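This is start_32.pdb (PDB, C-alpha atoms).
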ATOM      1  CA  LYS P   1       0.000   0.000   0.000  1.00  0.00           C
ATOM      2  CA  ALA P   2       1.567   3.314  -1.035  1.00  0.00           C
ATOM      3  CA  GLY P   3       2.215   5.872   1.675  1.00  0.00           C
ATOM      4  CA  VAL P   4       1.619   9.589   1.657  1.00  0.00           C
ATOM      5  CA  THR P   5       3.262  11.256  -1.321  1.00  0.00           C
ATOM      6  CA  GLN P   6       4.297  14.884  -1.291  1.00  0.00           C
ATOM      7  CA  THR P   7       5.626  16.721  -4.309  1.00  0.00           C
ATOM      8  CA  PRO P   8       7.958  18.333  -4.913  1.00  0.00           C
ATOM      9  CA  ARG P   9      10.495  17.277  -2.259  1.00  0.00           C
ATOM     10  CA  TYR P  10      12.525  20.470  -2.553  1.00  0.00           C
ATOM     11  CA  LEU P  11      11.651  23.934  -3.794  1.00  0.00           C
ATOM     12  CA  ILE P  12      13.496  27.242  -3.961  1.00  0.00           C
ATOM     13  CA  LYS P  13      11.439  30.382  -4.497  1.00  0.00           C
ATOM     14  CA  THR P  14      12.061  34.118  -4.412  1.00  0.00           C
ATOM     15  CA  ARG P  15      10.353  36.519  -2.013  1.00  0.00           C
ATOM     16  CA  GLY P  16       7.048  37.733  -3.386  1.00  0.00           C
ATOM     17  CA  GLN P  17       6.416  34.644  -5.504  1.00  0.00           C
ATOM     18  CA  GLN P  18       3.733  32.084  -4.816  1.00  0.00           C
ATOM     19  CA  VAL P  19       4.048  28.327  -4.455  1.00  0.00           C
ATOM     20  CA  THR P  20       1.775  25.291  -4.624  1.00  0.00           C
ATOM     21  CA  LEU P  21       2.560  22.071  -2.792  1.00  0.00           C
ATOM     22  CA  SER P  22       0.811  18.781  -3.438  1.00  0.00           C
ATOM     23  CA  CYS P  23      -0.125  15.845  -1.229  1.00  0.00           C
ATOM     24  CA  SER P  24      -1.593  12.489  -2.233  1.00  0.00           C
ATOM     25  CA  PRO P  25      -2.942  10.649   0.816  1.00  0.00           C
ATOM     26  CA  ILE P  26      -2.974   6.916   1.420  1.00  0.00           C
ATOM     27  CA  SER P  27      -5.590   5.263  -0.759  1.00  0.00           C
ATOM     28  CA  GLY P  28      -8.955   5.314   0.991  1.00  0.00           C
ATOM     29  CA  HIS P  29      -8.029   8.078   3.419  1.00  0.00           C
ATOM     30  CA  ARG P  30     -10.313  11.089   3.343  1.00  0.00           C
ATOM     31  CA  SER P  31      -8.609  13.473   5.741  1.00  0.00           C
ATOM     32  CA  VAL P  32      -5.514  15.498   4.877  1.00  0.00           C
ATOM     33  CA  SER P  33      -3.787  17.843   7.320  1.00  0.00           C
ATOM     34  CA  TRP P  34      -0.899  20.213   6.699  1.00  0.00           C
ATOM     35  CA  TYR P  35       1.828  21.265   9.132  1.00  0.00           C
ATOM     36  CA  GLN P  36       4.719  23.686   8.983  1.00  0.00           C
ATOM     37  CA  GLN P  37       7.962  22.684  10.693  1.00  0.00           C
ATOM     38  CA  THR P  38      10.649  25.259  11.485  1.00  0.00           C
ATOM     39  CA  PRO P  39      13.566  25.164  13.946  1.00  0.00           C
ATOM     40  CA  GLY P  40      12.153  28.118  15.872  1.00  0.00           C
ATOM     41  CA  GLN P  41       8.439  27.303  16.039  1.00  0.00           C
ATOM     42  CA  GLY P  42       8.491  23.518  15.765  1.00  0.00           C
ATOM     43  CA  LEU P  43       5.518  21.738  14.232  1.00  0.00           C
ATOM     44  CA  GLN P  44       2.521  23.967  13.718  1.00  0.00           C
ATOM     45  CA  PHE P  45      -0.868  22.986  12.347  1.00  0.00           C
ATOM     46  CA  LEU P  46      -1.942  24.802   9.184  1.00  0.00           C
ATOM     47  CA  PHE P  47      -5.290  23.280   8.203  1.00  0.00           C
ATOM     48  CA  GLU P  48      -7.225  20.061   7.780  1.00  0.00           C
ATOM     49  CA  TYR P  49      -9.468  18.958   4.936  1.00  0.00           C
ATOM     50  CA  PHE P  50     -12.034  16.182   5.053  1.00  0.00           C
ATOM     51  CA  SER P  51     -14.165  15.249   2.061  1.00  0.00           C
ATOM     52  CA  GLU P  52     -13.198  18.469   0.259  1.00  0.00           C
ATOM     53  CA  THR P  53     -14.191  20.697   3.201  1.00  0.00           C
ATOM     54  CA  GLN P  54     -11.831  22.591   5.463  1.00  0.00           C
ATOM     55  CA  ARG P  55     -12.535  21.340   8.984  1.00  0.00           C
ATOM     56  CA  ASN P  56      -9.940  23.193  11.023  1.00  0.00           C
ATOM     57  CA  LYS P  57      -7.530  26.035  10.462  1.00  0.00           C
ATOM     58  CA  GLY P  58      -4.438  27.005  12.415  1.00  0.00           C
ATOM     59  CA  ASN P  59      -3.210  30.473  13.236  1.00  0.00           C
ATOM     60  CA  PHE P  60      -1.595  31.420   9.938  1.00  0.00           C
ATOM     61  CA  PRO P  61      -2.162  34.474   7.730  1.00  0.00           C
ATOM     62  CA  GLY P  62      -4.520  34.369   4.778  1.00  0.00           C
ATOM     63  CA  ARG P  63      -1.546  33.967   2.421  1.00  0.00           C
ATOM     64  CA  PHE P  64      -1.702  30.297   3.334  1.00  0.00           C
ATOM     65  CA  SER P  65      -4.572  28.458   1.702  1.00  0.00           C
ATOM     66  CA  GLY P  66      -5.452  24.965   0.666  1.00  0.00           C
ATOM     67  CA  ARG P  67      -7.976  22.775  -1.006  1.00  0.00           C
ATOM     68  CA  GLN P  68      -8.890  19.147  -1.387  1.00  0.00           C
ATOM     69  CA  PHE P  69     -10.097  17.428  -4.503  1.00  0.00           C
ATOM     70  CA  SER P  70     -12.732  14.725  -4.899  1.00  0.00           C
ATOM     71  CA  ASN P  71     -10.006  12.053  -5.018  1.00  0.00           C
ATOM     72  CA  SER P  72      -8.769  13.318  -1.607  1.00  0.00           C
ATOM     73  CA  ARG P  73      -5.549  14.759  -3.026  1.00  0.00           C
ATOM     74  CA  SER P  74      -4.781  18.108  -1.467  1.00  0.00           C
ATOM     75  CA  GLU P  75      -2.817  21.187  -2.400  1.00  0.00           C
ATOM     76  CA  MET P  76      -1.651  24.070  -0.291  1.00  0.00           C
ATOM     77  CA  ASN P  77      -0.741  27.447  -1.671  1.00  0.00           C
ATOM     78  CA  VAL P  78       1.365  30.203  -0.188  1.00  0.00           C
ATOM     79  CA  SER P  79       1.187  33.590  -1.882  1.00  0.00           C
ATOM     80  CA  THR P  80       3.549  36.555  -1.579  1.00  0.00           C
ATOM     81  CA  LEU P  81       6.295  34.434  -0.080  1.00  0.00           C
ATOM     82  CA  GLU P  82       8.364  35.798   2.787  1.00  0.00           C
ATOM     83  CA  LEU P  83      11.758  34.633   4.020  1.00  0.00           C
ATOM     84  CA  GLY P  84      10.076  33.326   7.171  1.00  0.00           C
ATOM     85  CA  ASP P  85       8.009  30.895   5.107  1.00  0.00           C
ATOM     86  CA  SER P  86      11.136  28.780   4.607  1.00  0.00           C
ATOM     87  CA  ALA P  87      10.255  25.502   6.299  1.00  0.00           C
ATOM     88  CA  LEU P  88       9.514  21.829   5.922  1.00  0.00           C
ATOM     89  CA  TYR P  89       5.844  21.433   5.008  1.00  0.00           C
ATOM     90  CA  LEU P  90       4.377  18.129   6.075  1.00  0.00           C
ATOM     91  CA  CYS P  91       1.171  16.528   4.989  1.00  0.00           C
ATOM     92  CA  ALA P  92      -0.657  13.919   7.084  1.00  0.00           C
ATOM     93  CA  SER P  93      -3.264  11.458   5.909  1.00  0.00           C
ATOM     94  CA  SER P  94      -5.973   9.902   8.089  1.00  0.00           C
ATOM     95  CA  PHE P  95      -8.747   7.460   7.264  1.00  0.00           C
ATOM     96  CA  THR P  96     -11.417   9.507   9.000  1.00  0.00           C
ATOM     97  CA  VAL P  97     -11.821  11.684  12.087  1.00  0.00           C
ATOM     98  CA  ASN P  98      -9.794  10.851  15.198  1.00  0.00           C
ATOM     99  CA  THR P  99      -7.752   8.143  13.549  1.00  0.00           C
ATOM    100  CA  GLU P 100      -3.985   7.801  13.253  1.00  0.00           C
ATOM    101  CA  ALA P 101      -2.202  10.328  11.090  1.00  0.00           C
ATOM    102  CA  PHE P 102       0.477   9.112   8.688  1.00  0.00           C
ATOM    103  CA  PHE P 103       2.922  11.674   7.389  1.00  0.00           C
ATOM    104  CA  GLY P 104       4.636  12.141   4.070  1.00  0.00           C
ATOM    105  CA  GLN P 105       8.324  12.957   3.612  1.00  0.00           C
ATOM    106  CA  GLY P 106       7.580  16.656   3.383  1.00  0.00           C
ATOM    107  CA  THR P 107       8.408  19.449   0.979  1.00  0.00           C
ATOM    108  CA  ARG P 108      11.425  21.568   1.922  1.00  0.00           C
ATOM    109  CA  LEU P 109      10.668  25.146   0.829  1.00  0.00           C
ATOM    110  CA  THR P 110      13.462  27.692   0.790  1.00  0.00           C
ATOM    111  CA  VAL P 111      12.603  31.331   0.147  1.00  0.00           C
ATOM    112  CA  VAL P 112      15.512  33.534  -0.949  1.00  0.00           C
TER
ATOM    113  CA  GLY O   1       4.154  28.321  26.818  1.00  0.00           C
ATOM    114  CA  GLU O   2       3.670  25.175  24.775  1.00  0.00           C
ATOM    115  CA  ASP O   3       0.684  22.987  25.455  1.00  0.00           C
ATOM    116  CA  VAL O   4       2.880  19.914  25.110  1.00  0.00           C
ATOM    117  CA  GLU O   5       6.386  19.922  26.564  1.00  0.00           C
ATOM    118  CA  GLN O   6       9.369  17.646  26.174  1.00  0.00           C
ATOM    119  CA  SER O   7      12.966  17.767  27.291  1.00  0.00           C
ATOM    120  CA  LEU O   8      15.334  18.690  24.479  1.00  0.00           C
ATOM    121  CA  PHE O   9      17.960  16.003  24.603  1.00  0.00           C
ATOM    122  CA  LEU O  10      18.650  12.457  25.818  1.00  0.00           C
ATOM    123  CA  SER O  11      21.828  10.441  25.449  1.00  0.00           C
ATOM    124  CA  VAL O  12      22.045   6.702  26.153  1.00  0.00           C
ATOM    125  CA  ARG O  13      24.406   3.831  25.464  1.00  0.00           C
ATOM    126  CA  GLU O  14      23.532   1.134  22.958  1.00  0.00           C
ATOM    127  CA  GLY O  15      21.692  -1.712  24.680  1.00  0.00           C
ATOM    128  CA  ASP O  16      20.359   0.469  27.501  1.00  0.00           C
ATOM    129  CA  SER O  17      16.724   1.518  27.849  1.00  0.00           C
ATOM    130  CA  SER O  18      15.677   5.028  26.845  1.00  0.00           C
ATOM    131  CA  VAL O  19      12.807   6.886  28.481  1.00  0.00           C
ATOM    132  CA  ILE O  20      11.464   9.973  26.748  1.00  0.00           C
ATOM    133  CA  ASN O  21       9.008  12.082  28.724  1.00  0.00           C
ATOM    134  CA  CYS O  22       6.209  14.419  27.723  1.00  0.00           C
ATOM    135  CA  THR O  23       3.754  16.565  29.669  1.00  0.00           C
ATOM    136  CA  TYR O  24       0.547  17.987  28.314  1.00  0.00           C
ATOM    137  CA  THR O  25      -1.996  20.390  29.720  1.00  0.00           C
ATOM    138  CA  ASP O  26      -5.319  19.525  28.107  1.00  0.00           C
ATOM    139  CA  SER O  27      -7.122  16.963  30.248  1.00  0.00           C
ATOM    140  CA  SER O  28      -9.630  16.354  27.459  1.00  0.00           C
ATOM    141  CA  SER O  29      -6.972  14.894  25.145  1.00  0.00           C
ATOM    142  CA  THR O  30      -8.339  11.845  23.382  1.00  0.00           C
ATOM    143  CA  TYR O  31      -5.295  10.191  21.843  1.00  0.00           C
ATOM    144  CA  LEU O  32      -1.598  10.692  22.561  1.00  0.00           C
ATOM    145  CA  TYR O  33       0.951   9.812  19.923  1.00  0.00           C
ATOM    146  CA  TRP O  34       4.669   9.230  19.561  1.00  0.00           C
ATOM    147  CA  TYR O  35       6.380  10.047  16.281  1.00  0.00           C
ATOM    148  CA  LYS O  36      10.008   9.576  15.194  1.00  0.00           C
ATOM    149  CA  GLN O  37      11.795  11.892  12.783  1.00  0.00           C
ATOM    150  CA  GLU O  38      15.146  11.043  11.219  1.00  0.00           C
ATOM    151  CA  PRO O  39      17.261  13.709   9.484  1.00  0.00           C
ATOM    152  CA  GLY O  40      15.702  14.983   6.286  1.00  0.00           C
ATOM    153  CA  ALA O  41      12.640  12.786   6.675  1.00  0.00           C
ATOM    154  CA  GLY O  42       8.987  13.133   7.589  1.00  0.00           C
ATOM    155  CA  LEU O  43       7.359  11.848  10.768  1.00  0.00           C
ATOM    156  CA  GLN O  44       7.038   8.124  11.360  1.00  0.00           C
ATOM    157  CA  LEU O  45       4.157   7.065  13.612  1.00  0.00           C
ATOM    158  CA  LEU O  46       5.604   4.785  16.296  1.00  0.00           C
ATOM    159  CA  THR O  47       2.666   4.160  18.584  1.00  0.00           C
ATOM    160  CA  TYR O  48      -0.288   5.810  20.242  1.00  0.00           C
ATOM    161  CA  ILE O  49      -2.432   5.396  23.317  1.00  0.00           C
ATOM    162  CA  PHE O  50      -6.048   6.217  23.964  1.00  0.00           C
ATOM    163  CA  SER O  51      -6.614   8.467  26.945  1.00  0.00           C
ATOM    164  CA  ASN O  52      -8.542   5.835  28.919  1.00  0.00           C
ATOM    165  CA  MET O  53      -5.552   3.461  28.882  1.00  0.00           C
ATOM    166  CA  ASP O  54      -2.554   3.669  31.159  1.00  0.00           C
ATOM    167  CA  MET O  55      -0.108   1.433  29.342  1.00  0.00           C
ATOM    168  CA  LYS O  56       0.527   0.044  25.887  1.00  0.00           C
ATOM    169  CA  GLN O  57       3.346  -2.240  24.794  1.00  0.00           C
ATOM    170  CA  ASP O  58       4.458  -2.821  21.226  1.00  0.00           C
ATOM    171  CA  GLN O  59       7.636  -4.893  20.829  1.00  0.00           C
ATOM    172  CA  ARG O  60      10.502  -2.742  22.190  1.00  0.00           C
ATOM    173  CA  LEU O  61       8.207   0.226  22.854  1.00  0.00           C
ATOM    174  CA  THR O  62       6.221   0.806  26.043  1.00  0.00           C
ATOM    175  CA  VAL O  63       3.978   3.828  26.472  1.00  0.00           C
ATOM    176  CA  LEU O  64       2.900   4.880  29.950  1.00  0.00           C
ATOM    177  CA  LEU O  65       0.169   7.442  30.539  1.00  0.00           C
ATOM    178  CA  ASN O  66      -0.446   9.108  33.890  1.00  0.00           C
ATOM    179  CA  LYS O  67      -3.622  11.030  33.274  1.00  0.00           C
ATOM    180  CA  LYS O  68      -3.713  12.567  36.760  1.00  0.00           C
ATOM    181  CA  ASP O  69      -0.296  14.174  36.238  1.00  0.00           C
ATOM    182  CA  LYS O  70      -0.828  14.640  32.467  1.00  0.00           C
ATOM    183  CA  HIS O  71       2.441  12.796  31.879  1.00  0.00           C
ATOM    184  CA  LEU O  72       3.265  10.519  28.970  1.00  0.00           C
ATOM    185  CA  SER O  73       6.425   8.503  28.505  1.00  0.00           C
ATOM    186  CA  LEU O  74       7.945   6.341  25.810  1.00  0.00           C
ATOM    187  CA  ARG O  75      10.352   3.612  26.853  1.00  0.00           C
ATOM    188  CA  ILE O  76      12.563   2.030  24.201  1.00  0.00           C
ATOM    189  CA  ALA O  77      14.100  -1.233  25.359  1.00  0.00           C
ATOM    190  CA  ASP O  78      17.527  -2.367  24.101  1.00  0.00           C
ATOM    191  CA  THR O  79      18.143   0.956  22.348  1.00  0.00           C
ATOM    192  CA  GLN O  80      20.060   0.690  19.078  1.00  0.00           C
ATOM    193  CA  THR O  81      22.074   3.258  17.116  1.00  0.00           C
ATOM    194  CA  GLY O  82      19.277   3.225  14.535  1.00  0.00           C
ATOM    195  CA  ASP O  83      16.980   4.648  17.203  1.00  0.00           C
ATOM    196  CA  SER O  84      18.920   7.921  17.126  1.00  0.00           C
ATOM    197  CA  ALA O  85      16.399  10.511  15.958  1.00  0.00           C
ATOM    198  CA  ILE O  86      14.054  13.219  17.223  1.00  0.00           C
ATOM    199  CA  TYR O  87      10.964  11.937  19.028  1.00  0.00           C
ATOM    200  CA  PHE O  88       7.774  13.968  19.176  1.00  0.00           C
ATOM    201  CA  CYS O  89       4.770  13.441  21.362  1.00  0.00           C
ATOM    202  CA  ALA O  90       1.456  14.820  20.143  1.00  0.00           C
ATOM    203  CA  GLU O  91      -2.074  15.047  21.439  1.00  0.00           C
ATOM    204  CA  SER O  92      -5.425  15.134  19.733  1.00  0.00           C
ATOM    205  CA  ARG O  93      -8.445  16.795  21.298  1.00  0.00           C
ATOM    206  CA  PRO O  94     -12.165  16.286  21.014  1.00  0.00           C
ATOM    207  CA  ASN O  95     -13.916  18.398  18.396  1.00  0.00           C
ATOM    208  CA  ALA O  96     -10.600  19.250  16.764  1.00  0.00           C
ATOM    209  CA  GLY O  97     -10.799  16.721  13.965  1.00  0.00           C
ATOM    210  CA  ASN O  98      -7.389  15.301  13.203  1.00  0.00           C
ATOM    211  CA  MET O  99      -5.466  18.362  14.348  1.00  0.00           C
ATOM    212  CA  LEU O 100      -2.457  17.358  16.435  1.00  0.00           C
ATOM    213  CA  THR O 101      -0.616  19.535  18.934  1.00  0.00           C
ATOM    214  CA  PHE O 102       3.045  18.588  19.049  1.00  0.00           C
ATOM    215  CA  GLY O 103       5.739  18.943  21.659  1.00  0.00           C
ATOM    216  CA  GLY O 104       9.061  20.470  20.703  1.00  0.00           C
ATOM    217  CA  GLY O 105      10.739  17.089  20.248  1.00  0.00           C
ATOM    218  CA  THR O 106      13.445  15.196  22.140  1.00  0.00           C
ATOM    219  CA  ARG O 107      16.678  14.439  20.341  1.00  0.00           C
ATOM    220  CA  LEU O 108      17.825  10.924  21.267  1.00  0.00           C
ATOM    221  CA  MET O 109      21.487  10.139  20.749  1.00  0.00           C
ATOM    222  CA  VAL O 110      22.567   6.513  21.089  1.00  0.00           C
ATOM    223  CA  LYS O 111      26.277   5.968  21.674  1.00  0.00           C
ATOM    224  CA  PRO O 112      27.875   2.672  20.595  1.00  0.00           C
TER
END

Target encoding structure tokens, full file:
Amino acid sequence: KAGVTQTPRYLIKTRGQQVTLSCSPISGHRSVSWYQQTPGQGLQFLFEYFSETQRNKGNFPGRFSGRQFSNSRSEMNVSTLELGDSALYLCASSFTVNTEAFFGQGTRLTVV
Amino acid sequence: GEDVEQSLFLSVREGDSSVINCTYTDSSSTYLYWYKQEPGAGLQLLTYIFSNMDMKQDQRLTVLLNKKDKHLSLRIADTQTGDSAIYFCAESRPNAGNMLTFGGGTRLMVKP
């Protein structure tokens, strides 16, 4: 059974640009959550999608957005990139609510 | 301060037992999780415990939960050099979907 797939693995962008990250959950899983990991702030929750609906949102500015498609794949978008957005972005897949979360390898975003 | 706290660093000798501790503040936590992160990788789910349990054993891993003191621990028996990594505890809460609140992580170093 394939795990959680995140693409791309690495990304370098310039300040002011926008970026889209992709996450394909484990087959059959309907919930996708996104986290930002930085050395200073640790792991912080961005948002969760379940059956194409955003269920929860963390404390991030509106520049961070996401969506989920009917096949449960999810994308997150960051607009007007800032240096502080440099981080490892992790996606987690869960079968349904309050079930184990399995993480992908992450996308390492560097903003220069 | 953080809702979930962990000590930063633990060093053990190969073959010894490791005990990684975690404290949390939300008494309504439903599940408590342990994840392992190796350099450059995502999070690997090691084990989890439901809040109405006080112990769970899974091969070399033993999780102890003291709900009164809001204290969670992960014991790794016969620690190997391959266990060197950062370990995160995380809690889920009712009505928060699959959102996890993570501790800052404990770096485990295993010396040969």

Test item: which residues lie within 8 Å of (-4.7, 28.6, 11.7) counting only C-alpha atoms, as a ChimeraX atom specification: /P:45-47,56-61

Taking into account all atoms listed in the file, which residue in the set O:Val110, O:Leu72, O:Ile20, O:Val12 is nearest to Ile49 (chain O)? O:Leu72

Starting from the ChimeraX specification (/O :<12) & /P, expand the selection into actual residues of this file and give them as JSON, numbers by chain. {"P": [3, 4, 5, 6, 9, 10, 30, 31, 32, 33, 34, 35, 36, 37, 38, 39, 40, 41, 42, 43, 44, 45, 46, 47, 48, 49, 50, 53, 54, 55, 56, 57, 58, 87, 88, 89, 90, 91, 92, 93, 94, 95, 96, 97, 98, 99, 100, 101, 102, 103, 104, 105, 106, 107, 108]}

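Separating CA of Thr20 (chain P) from CA of Ser72 (chain P) is a distance of 16.2 Å.
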
In file coordinates, which residues lie within 12 Å of (-2.8, 4.8, 31.7) using all atoms listed in the file, given as a PyMOL selection string? chain O and resi 31-32+48-57+62-73

What are the centre and the three edge lengths of an axis-aligned box that wraps all atoms of region 104-112 of chain P in the file, given that 8 Å is added to every side, written as AutoDock Vina command-line options and rounded to one decimal in Å?
--center_x 10.1 --center_y 22.8 --center_z 1.6 --size_x 26.9 --size_y 37.4 --size_z 21.0

Any chance you could resolve the PyMOL selection byres ((chain P and resi 16) around 9) against this file and give the residues as a PyMOL selection string? chain P and resi 13-15+17-18+79-82

Long-range neighbours of Asp16 (chain O) as a PyMOL selection string, 7 Å cut-off, only C-alpha atoms, 5 positions minimum in chain: chain O and resi 77-79

Mind giving me the straight-line distance from CA of Thr110 (chain P) to CA of Ala2 (chain P) in Å, one decimal?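 Separation between CA of Thr110 (chain P) and CA of Ala2 (chain P): 27.2 Å.
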
Taking all atoms listed in the file into account, name the residue in O:Glu38, O:Asp83, O:Asp26, O:Asp58 that is nearest to Pro112 (chain O).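 Looking at the shortest contact to Pro112 (chain O), the residue is O:Asp83.
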
Take region 20-33 of chain O, model N, CA, C and O atoms, and hand the result over as a PDB file, keeping the file's coordinate frame.
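This went into selection.pdb:
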ATOM      1  N   ILE O  20      11.723   8.611  27.220  1.00  0.00           N
ATOM      2  CA  ILE O  20      11.464   9.973  26.748  1.00  0.00           C
ATOM      3  C   ILE O  20      10.136  10.422  27.366  1.00  0.00           C
ATOM      4  O   ILE O  20       9.139   9.710  27.290  1.00  0.00           O
ATOM      5  N   ASN O  21      10.170  11.594  27.983  1.00  0.00           N
ATOM      6  CA  ASN O  21       9.008  12.082  28.724  1.00  0.00           C
ATOM      7  C   ASN O  21       8.315  13.243  28.029  1.00  0.00           C
ATOM      8  O   ASN O  21       8.932  13.993  27.264  1.00  0.00           O
ATOM      9  N   CYS O  22       7.044  13.387  28.345  1.00  0.00           N
ATOM     10  CA  CYS O  22       6.209  14.419  27.723  1.00  0.00           C
ATOM     11  C   CYS O  22       5.137  14.822  28.732  1.00  0.00           C
ATOM     12  O   CYS O  22       4.567  13.954  29.409  1.00  0.00           O
ATOM     13  N   THR O  23       4.880  16.109  28.852  1.00  0.00           N
ATOM     14  CA  THR O  23       3.754  16.565  29.669  1.00  0.00           C
ATOM     15  C   THR O  23       2.811  17.370  28.798  1.00  0.00           C
ATOM     16  O   THR O  23       3.244  18.063  27.870  1.00  0.00           O
ATOM     17  N   TYR O  24       1.547  17.260  29.088  1.00  0.00           N
ATOM     18  CA  TYR O  24       0.547  17.987  28.314  1.00  0.00           C
ATOM     19  C   TYR O  24      -0.406  18.658  29.293  1.00  0.00           C
ATOM     20  O   TYR O  24      -0.425  18.335  30.480  1.00  0.00           O
ATOM     21  N   THR O  25      -1.167  19.608  28.799  1.00  0.00           N
ATOM     22  CA  THR O  25      -1.996  20.390  29.720  1.00  0.00           C
ATOM     23  C   THR O  25      -3.484  20.179  29.528  1.00  0.00           C
ATOM     24  O   THR O  25      -4.274  20.507  30.404  1.00  0.00           O
ATOM     25  N   ASP O  26      -3.891  19.632  28.376  1.00  0.00           N
ATOM     26  CA  ASP O  26      -5.319  19.525  28.107  1.00  0.00           C
ATOM     27  C   ASP O  26      -5.851  18.178  28.603  1.00  0.00           C
ATOM     28  O   ASP O  26      -5.566  17.146  28.012  1.00  0.00           O
ATOM     29  N   SER O  27      -6.635  18.209  29.658  1.00  0.00           N
ATOM     30  CA  SER O  27      -7.122  16.963  30.248  1.00  0.00           C
ATOM     31  C   SER O  27      -8.160  16.277  29.365  1.00  0.00           C
ATOM     32  O   SER O  27      -8.499  15.119  29.587  1.00  0.00           O
ATOM     33  N   SER O  28      -8.628  16.974  28.338  1.00  0.00           N
ATOM     34  CA  SER O  28      -9.630  16.354  27.459  1.00  0.00           C
ATOM     35  C   SER O  28      -8.994  15.642  26.271  1.00  0.00           C
ATOM     36  O   SER O  28      -9.697  15.175  25.392  1.00  0.00           O
ATOM     37  N   SER O  29      -7.654  15.574  26.251  1.00  0.00           N
ATOM     38  CA  SER O  29      -6.972  14.894  25.145  1.00  0.00           C
ATOM     39  C   SER O  29      -7.564  13.511  24.934  1.00  0.00           C
ATOM     40  O   SER O  29      -7.833  12.788  25.891  1.00  0.00           O
ATOM     41  N   THR O  30      -7.741  13.150  23.680  1.00  0.00           N
ATOM     42  CA  THR O  30      -8.339  11.845  23.382  1.00  0.00           C
ATOM     43  C   THR O  30      -7.267  10.808  23.095  1.00  0.00           C
ATOM     44  O   THR O  30      -7.233   9.750  23.704  1.00  0.00           O
ATOM     45  N   TYR O  31      -6.394  11.094  22.156  1.00  0.00           N
ATOM     46  CA  TYR O  31      -5.295  10.191  21.843  1.00  0.00           C
ATOM     47  C   TYR O  31      -3.972  10.917  22.061  1.00  0.00           C
ATOM     48  O   TYR O  31      -3.884  12.128  21.860  1.00  0.00           O
ATOM     49  N   LEU O  32      -2.952  10.145  22.441  1.00  0.00           N
ATOM     50  CA  LEU O  32      -1.598  10.692  22.561  1.00  0.00           C
ATOM     51  C   LEU O  32      -0.688   9.833  21.711  1.00  0.00           C
ATOM     52  O   LEU O  32      -0.769   8.597  21.737  1.00  0.00           O
ATOM     53  N   TYR O  33       0.155  10.491  20.938  1.00  0.00           N
ATOM     54  CA  TYR O  33       0.951   9.812  19.923  1.00  0.00           C
ATOM     55  C   TYR O  33       2.447  10.016  20.159  1.00  0.00           C
ATOM     56  O   TYR O  33       2.866  11.026  20.732  1.00  0.00           O
TER      57      TYR O  33
END
